[in-house]
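> query.csv is the file, holding CSV, C-alpha atoms:
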chain,number,residue,atom,x,y,z
A,12,MET,CA,0.0,0.0,0.0
A,13,LYS,CA,2.8,2.4,0.9
A,14,ARG,CA,4.5,1.6,-2.4
A,15,ALA,CA,1.4,2.4,-4.4
A,16,LEU,CA,1.0,5.7,-2.5
A,17,LEU,CA,4.6,6.6,-3.1
A,18,PHE,CA,4.3,5.7,-6.8
A,19,SER,CA,1.1,7.8,-7.1
A,20,ALA,CA,2.8,10.8,-5.4
A,21,MET,CA,5.8,10.6,-7.7
A,22,LEU,CA,3.6,10.2,-10.8
A,23,ALA,CA,1.6,13.3,-9.8
A,24,GLY,CA,4.8,15.2,-9.2
A,25,ALA,CA,6.1,14.2,-12.7
A,26,SER,CA,2.9,15.3,-14.3
A,27,LEU,CA,3.1,18.7,-12.6
A,28,LEU,CA,6.7,19.1,-14.0
A,29,ALA,CA,5.4,18.3,-17.4
A,30,GLY,CA,2.5,20.7,-17.4
A,31,CYS,CA,2.2,23.6,-19.8
A,32,SER,CA,3.9,26.8,-18.9
A,33,ASP,CA,2.7,30.2,-19.8
A,34,ASN,CA,5.8,30.8,-21.9
A,35,GLU,CA,5.3,27.8,-24.2
A,36,VAL,CA,5.0,28.9,-27.8
A,37,GLY,CA,5.4,25.5,-29.6
A,38,ASP,CA,5.0,21.8,-29.0
A,39,VAL,CA,6.3,19.2,-31.5
A,40,SER,CA,5.5,15.5,-31.0
A,41,LEU,CA,8.4,13.1,-31.6
A,42,GLY,CA,6.0,10.4,-32.8
A,43,VAL,CA,3.0,8.3,-32.1
A,44,PHE,CA,4.9,5.7,-30.1
A,45,THR,CA,6.7,8.1,-27.7
A,46,THR,CA,5.7,10.3,-24.8
A,47,LYS,CA,8.4,12.8,-25.6
A,48,ASP,CA,7.8,16.2,-27.2
A,49,ILE,CA,10.0,19.1,-28.1
A,50,LYS,CA,8.8,22.1,-26.2
A,51,LEU,CA,9.6,25.6,-27.5
A,52,ASN,CA,9.6,28.3,-24.8
A,53,VAL,CA,10.1,32.1,-25.1
A,54,LEU,CA,11.9,34.1,-22.4
A,55,SER,CA,12.3,37.8,-22.1
A,56,ASP,CA,15.3,38.8,-20.0
A,57,PRO,CA,13.9,40.4,-16.9
A,58,LEU,CA,16.6,43.1,-16.7
A,59,ILE,CA,17.1,43.5,-20.4
A,60,PRO,CA,13.6,43.3,-22.0
A,61,GLY,CA,15.1,44.1,-25.4
A,62,VAL,CA,16.4,40.5,-25.5
A,63,THR,CA,14.2,37.6,-26.3
A,64,CYS,CA,15.4,34.0,-26.1
A,65,HIS,CA,13.8,30.9,-27.5
A,66,ILE,CA,14.6,27.6,-25.9
A,67,ALA,CA,13.9,24.2,-27.3
A,68,SER,CA,14.0,21.2,-25.0
A,69,ILE,CA,12.6,17.7,-24.8
A,70,GLU,CA,10.0,16.8,-22.3
A,71,ALA,CA,9.0,13.3,-21.5
A,72,ASP,CA,5.5,13.3,-20.0
A,73,LEU,CA,5.5,10.0,-18.3
A,74,ASP,CA,9.2,9.9,-17.2
A,75,PHE,CA,10.7,11.0,-13.9
A,76,SER,CA,13.4,12.9,-15.7
A,77,ASP,CA,13.4,14.9,-19.0
A,78,PRO,CA,16.4,14.5,-21.3
A,79,SER,CA,19.1,17.2,-20.7
A,80,ASP,CA,19.5,18.3,-24.3
A,81,SER,CA,18.4,21.9,-25.0
A,82,SER,CA,19.0,24.6,-27.5
A,83,ILE,CA,18.9,28.3,-27.1
A,84,SER,CA,18.7,31.2,-29.6
A,85,CYS,CA,18.6,34.9,-28.4
A,86,ARG,CA,18.1,38.0,-30.4
A,87,GLN,CA,17.7,41.7,-29.8
A,88,THR,CA,14.0,42.4,-30.2
A,89,GLY,CA,13.8,45.9,-28.6
A,90,GLU,CA,15.8,48.6,-27.1
A,91,ILE,CA,18.9,47.9,-25.0
A,92,THR,CA,20.1,50.9,-23.0
A,93,PRO,CA,23.3,51.6,-21.0
A,94,GLU,CA,21.1,51.7,-17.8
A,95,MET,CA,20.0,48.1,-18.5
A,96,ILE,CA,23.6,47.0,-18.9
A,97,ALA,CA,24.6,48.8,-15.7
A,98,ALA,CA,22.0,46.8,-13.8
A,99,ILE,CA,23.3,43.3,-14.7
A,100,ASP,CA,25.8,41.2,-12.9
A,101,LYS,CA,29.1,41.6,-14.7
A,102,SER,CA,31.0,38.8,-12.9
A,103,LYS,CA,32.5,35.9,-15.0
A,104,ALA,CA,29.7,33.7,-13.6
A,105,GLY,CA,27.0,36.1,-14.6
A,106,ASP,CA,23.4,35.8,-13.5
A,107,VAL,CA,20.7,33.0,-13.7
A,108,VAL,CA,17.8,34.6,-15.6
A,109,PHE,CA,15.6,31.4,-15.9
A,110,LYS,CA,15.4,27.9,-14.4
A,111,LYS,CA,13.1,25.0,-14.9
A,112,SER,CA,12.9,21.7,-13.2
A,113,LYS,CA,13.7,18.7,-15.5
A,114,SER,CA,13.4,15.9,-13.0
A,115,VAL,CA,12.0,14.8,-9.7
A,116,PHE,CA,15.7,14.0,-8.9
A,117,PHE,CA,17.0,17.6,-8.7
A,118,LYS,CA,18.0,18.1,-12.4
A,119,THR,CA,17.4,21.7,-13.5
A,120,MET,CA,17.8,23.5,-16.8
A,121,LYS,CA,19.2,27.0,-16.2
A,122,ILE,CA,19.7,30.0,-18.5
A,123,ARG,CA,22.6,32.2,-17.4
A,124,ARG,CA,23.4,35.7,-18.8
A,125,ILE,CA,27.1,36.5,-18.9
A,126,TYR,CA,28.4,39.9,-20.2
A,127,ASP,CA,31.6,40.0,-22.2
A,128,PRO,CA,32.8,43.6,-21.8
A,129,GLU,CA,35.6,43.4,-24.4
A,130,SER,CA,33.3,42.5,-27.3
A,131,GLN,CA,30.3,44.2,-25.7
A,132,THR,CA,28.2,41.1,-26.1
A,133,LEU,CA,25.6,39.4,-23.9
A,134,MET,CA,26.0,35.6,-23.8
A,135,TYR,CA,23.1,33.4,-22.8
A,136,LEU,CA,24.1,29.9,-21.7
A,137,SER,CA,21.5,27.1,-21.4
A,138,TYR,CA,22.8,24.1,-19.4
A,139,SER,CA,21.7,21.1,-17.3
A,140,THR,CA,22.8,20.8,-13.7
A,141,LYS,CA,23.2,17.1,-13.9
A,142,GLU,CA,25.7,15.0,-15.8
A,143,THR,CA,24.2,12.9,-18.6
A,144,SER,CA,26.3,10.3,-20.4
A,145,GLY,CA,29.5,11.8,-19.1
A,146,SER,CA,28.6,15.3,-20.2
A,147,TYR,CA,26.8,18.4,-18.9
A,148,LYS,CA,24.6,19.4,-21.8
A,149,HIS,CA,24.8,23.0,-22.8
A,150,SER,CA,24.1,25.5,-25.6
A,151,LEU,CA,25.2,29.1,-26.1
A,152,SER,CA,23.7,32.2,-27.9
A,153,THR,CA,25.0,35.7,-28.1
A,154,VAL,CA,23.5,39.2,-28.5
A,155,PRO,CA,26.1,41.8,-29.5
A,156,LEU,CA,25.4,45.4,-28.3
A,157,TRP,CA,26.6,46.8,-31.6
A,158,GLY,CA,23.9,49.1,-33.0
A,159,THR,CA,22.2,49.7,-29.6
A,160,LYS,CA,22.3,52.7,-27.3
A,161,ALA,CA,24.3,50.5,-24.9
A,162,TYR,CA,27.2,50.1,-27.3
A,163,GLN,CA,30.2,52.3,-26.4
A,164,ALA,CA,32.7,53.0,-29.2
A,165,PRO,CA,36.2,51.9,-28.2
A,166,VAL,CA,38.6,54.7,-27.2
A,167,THR,CA,41.5,55.0,-29.6
A,168,PRO,CA,44.9,56.6,-28.7
A,169,VAL,CA,44.1,59.6,-30.8
A,170,GLN,CA,40.9,60.3,-28.9
A,171,GLN,CA,42.6,60.3,-25.5
Show how you would write the structure in this file as structure tokens.


Amino acid sequence: MKRALLFSAMLAGASLLAGCSDNEVGDVSLGVFTTKDIKLNVLSDPLIPGVTCHIASIEADLDFSDPSDSSISCRQTGEITPEMIAAIDKSKAGDVVFKKSKSVFFKTMKIRRIYDPESQTLMYLSYSTKETSGSYKHSLSTVPLWGTKAYQAPVTPVQQ
């Protein structure tokens, strides 16, 4: 009886993890004989709303853990100002801007924003917090500040 209750609770938890989110913009079935789908989600950076990221990841509705593979693509979709760049974490580790549970066993997919000051580029790293098949799955997308109000022209020796 206890096993049945435990199994029911775990199954309910797994179905909650697989539920639709309000940022889902696409759902592609991987076939009739599988419970896995590719979910497409949209994310606007909370500190830089001029950046929109689309994340593709596989979700397995009846499994306790989703596959770790994901893909990310980020683009400038609005204004990026110097004030926005001033407000972000500029450490080498950057800032987590989004996270989503991918397992009842503590696996999480995270999206981290890291700023590269030399090239004046925002980097968005999608990664899994749990090793799978000897690898931590990850994907990278970049958004250069060139052409935005936040871009600062490099100082040349003549201008000094």

> Rank A:Lys50, A:Lys111, A:Lys101, A:Arg86 by their smallest atom-to-atom distance to A:Val62, using only C-alpha atoms, and report the top residue only.

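Selected residue with least distance to A:Val62: A:Arg86.
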
> Name the closest residue to A:Glu70 among the candidates A:Val43, A:Ile49, A:Arg124, A:Val107; distances are taken between atoms, counting all atoms listed in the file.

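Closest candidate: A:Ile49.
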
> To one decimal place, how far is atom CA of A:Glu129 from atom CA of A:Ile91 in Å?

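These two atoms are separated by 17.3 Å.
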
> For A:Ala98, work out the shell of residues within 12 Å, counting all atoms listed in the file and skipping chain neighbours fewer than 2 positions away, then give it as a list in words.

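Using all atoms listed in the file, the neighbours found are Pro57, Leu58, Ile59, Ile91, Thr92, Pro93, Glu94, Met95, Ile96, Asp100, Lys101, Gly105, Asp106, Tyr126 and Ala161 of chain A.
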
> Using all atoms listed in the file, find the one residue out of A:Ile125, A:Met120, A:Val53, A:Ala104 that sits nearest to A:Tyr138.

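The closest residue to A:Tyr138 is A:Met120.
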
> Hey, can you check how far atom CA of A:Ser130 sits from atom CA of A:Tyr147?

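Between atom CA of A:Ser130 and atom CA of A:Tyr147 the gap works out to 26.3 Å.
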
> Just how far from atom CA of A:Leu54 is atom CA of A:Gly37, in Å to one decimal?

13.0 Å

> Around (33.3, 45.2, -25.7), as given in the file, which residues come within 9 Å? Count only C-alpha atoms and list them as a list in words.

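Final list of nearby residues, as requested, is Asp127, Pro128, Glu129, Ser130, Gln131, Thr132, Pro155, Leu156, Tyr162, Gln163, Ala164 and Pro165 of chain A.
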
> Pick the closest to A:Ala71 from A:Ile122, A:Val39, A:Cys85, A:Ala97: which is it, counting only C-alpha atoms?

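Looking only at the distances to A:Ala71, the closest residue turns out to be A:Val39.
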
> Out of A:Ser68, A:Thr153, A:Thr140, A:Ser55, which residue has the shortest atom-to-atom distance to A:Thr119 when counting only C-alpha atoms?

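That would be A:Thr140, the residue with the smallest distance to A:Thr119.
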
> Name the closest residue to A:Thr63 among the candidates A:Ser102, A:Ser40, A:Thr45, A:Ser152; distances are taken between atoms, counting all atoms listed in the file.

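Counting all atoms listed in the file, the residue closest to A:Thr63 is A:Ser152.
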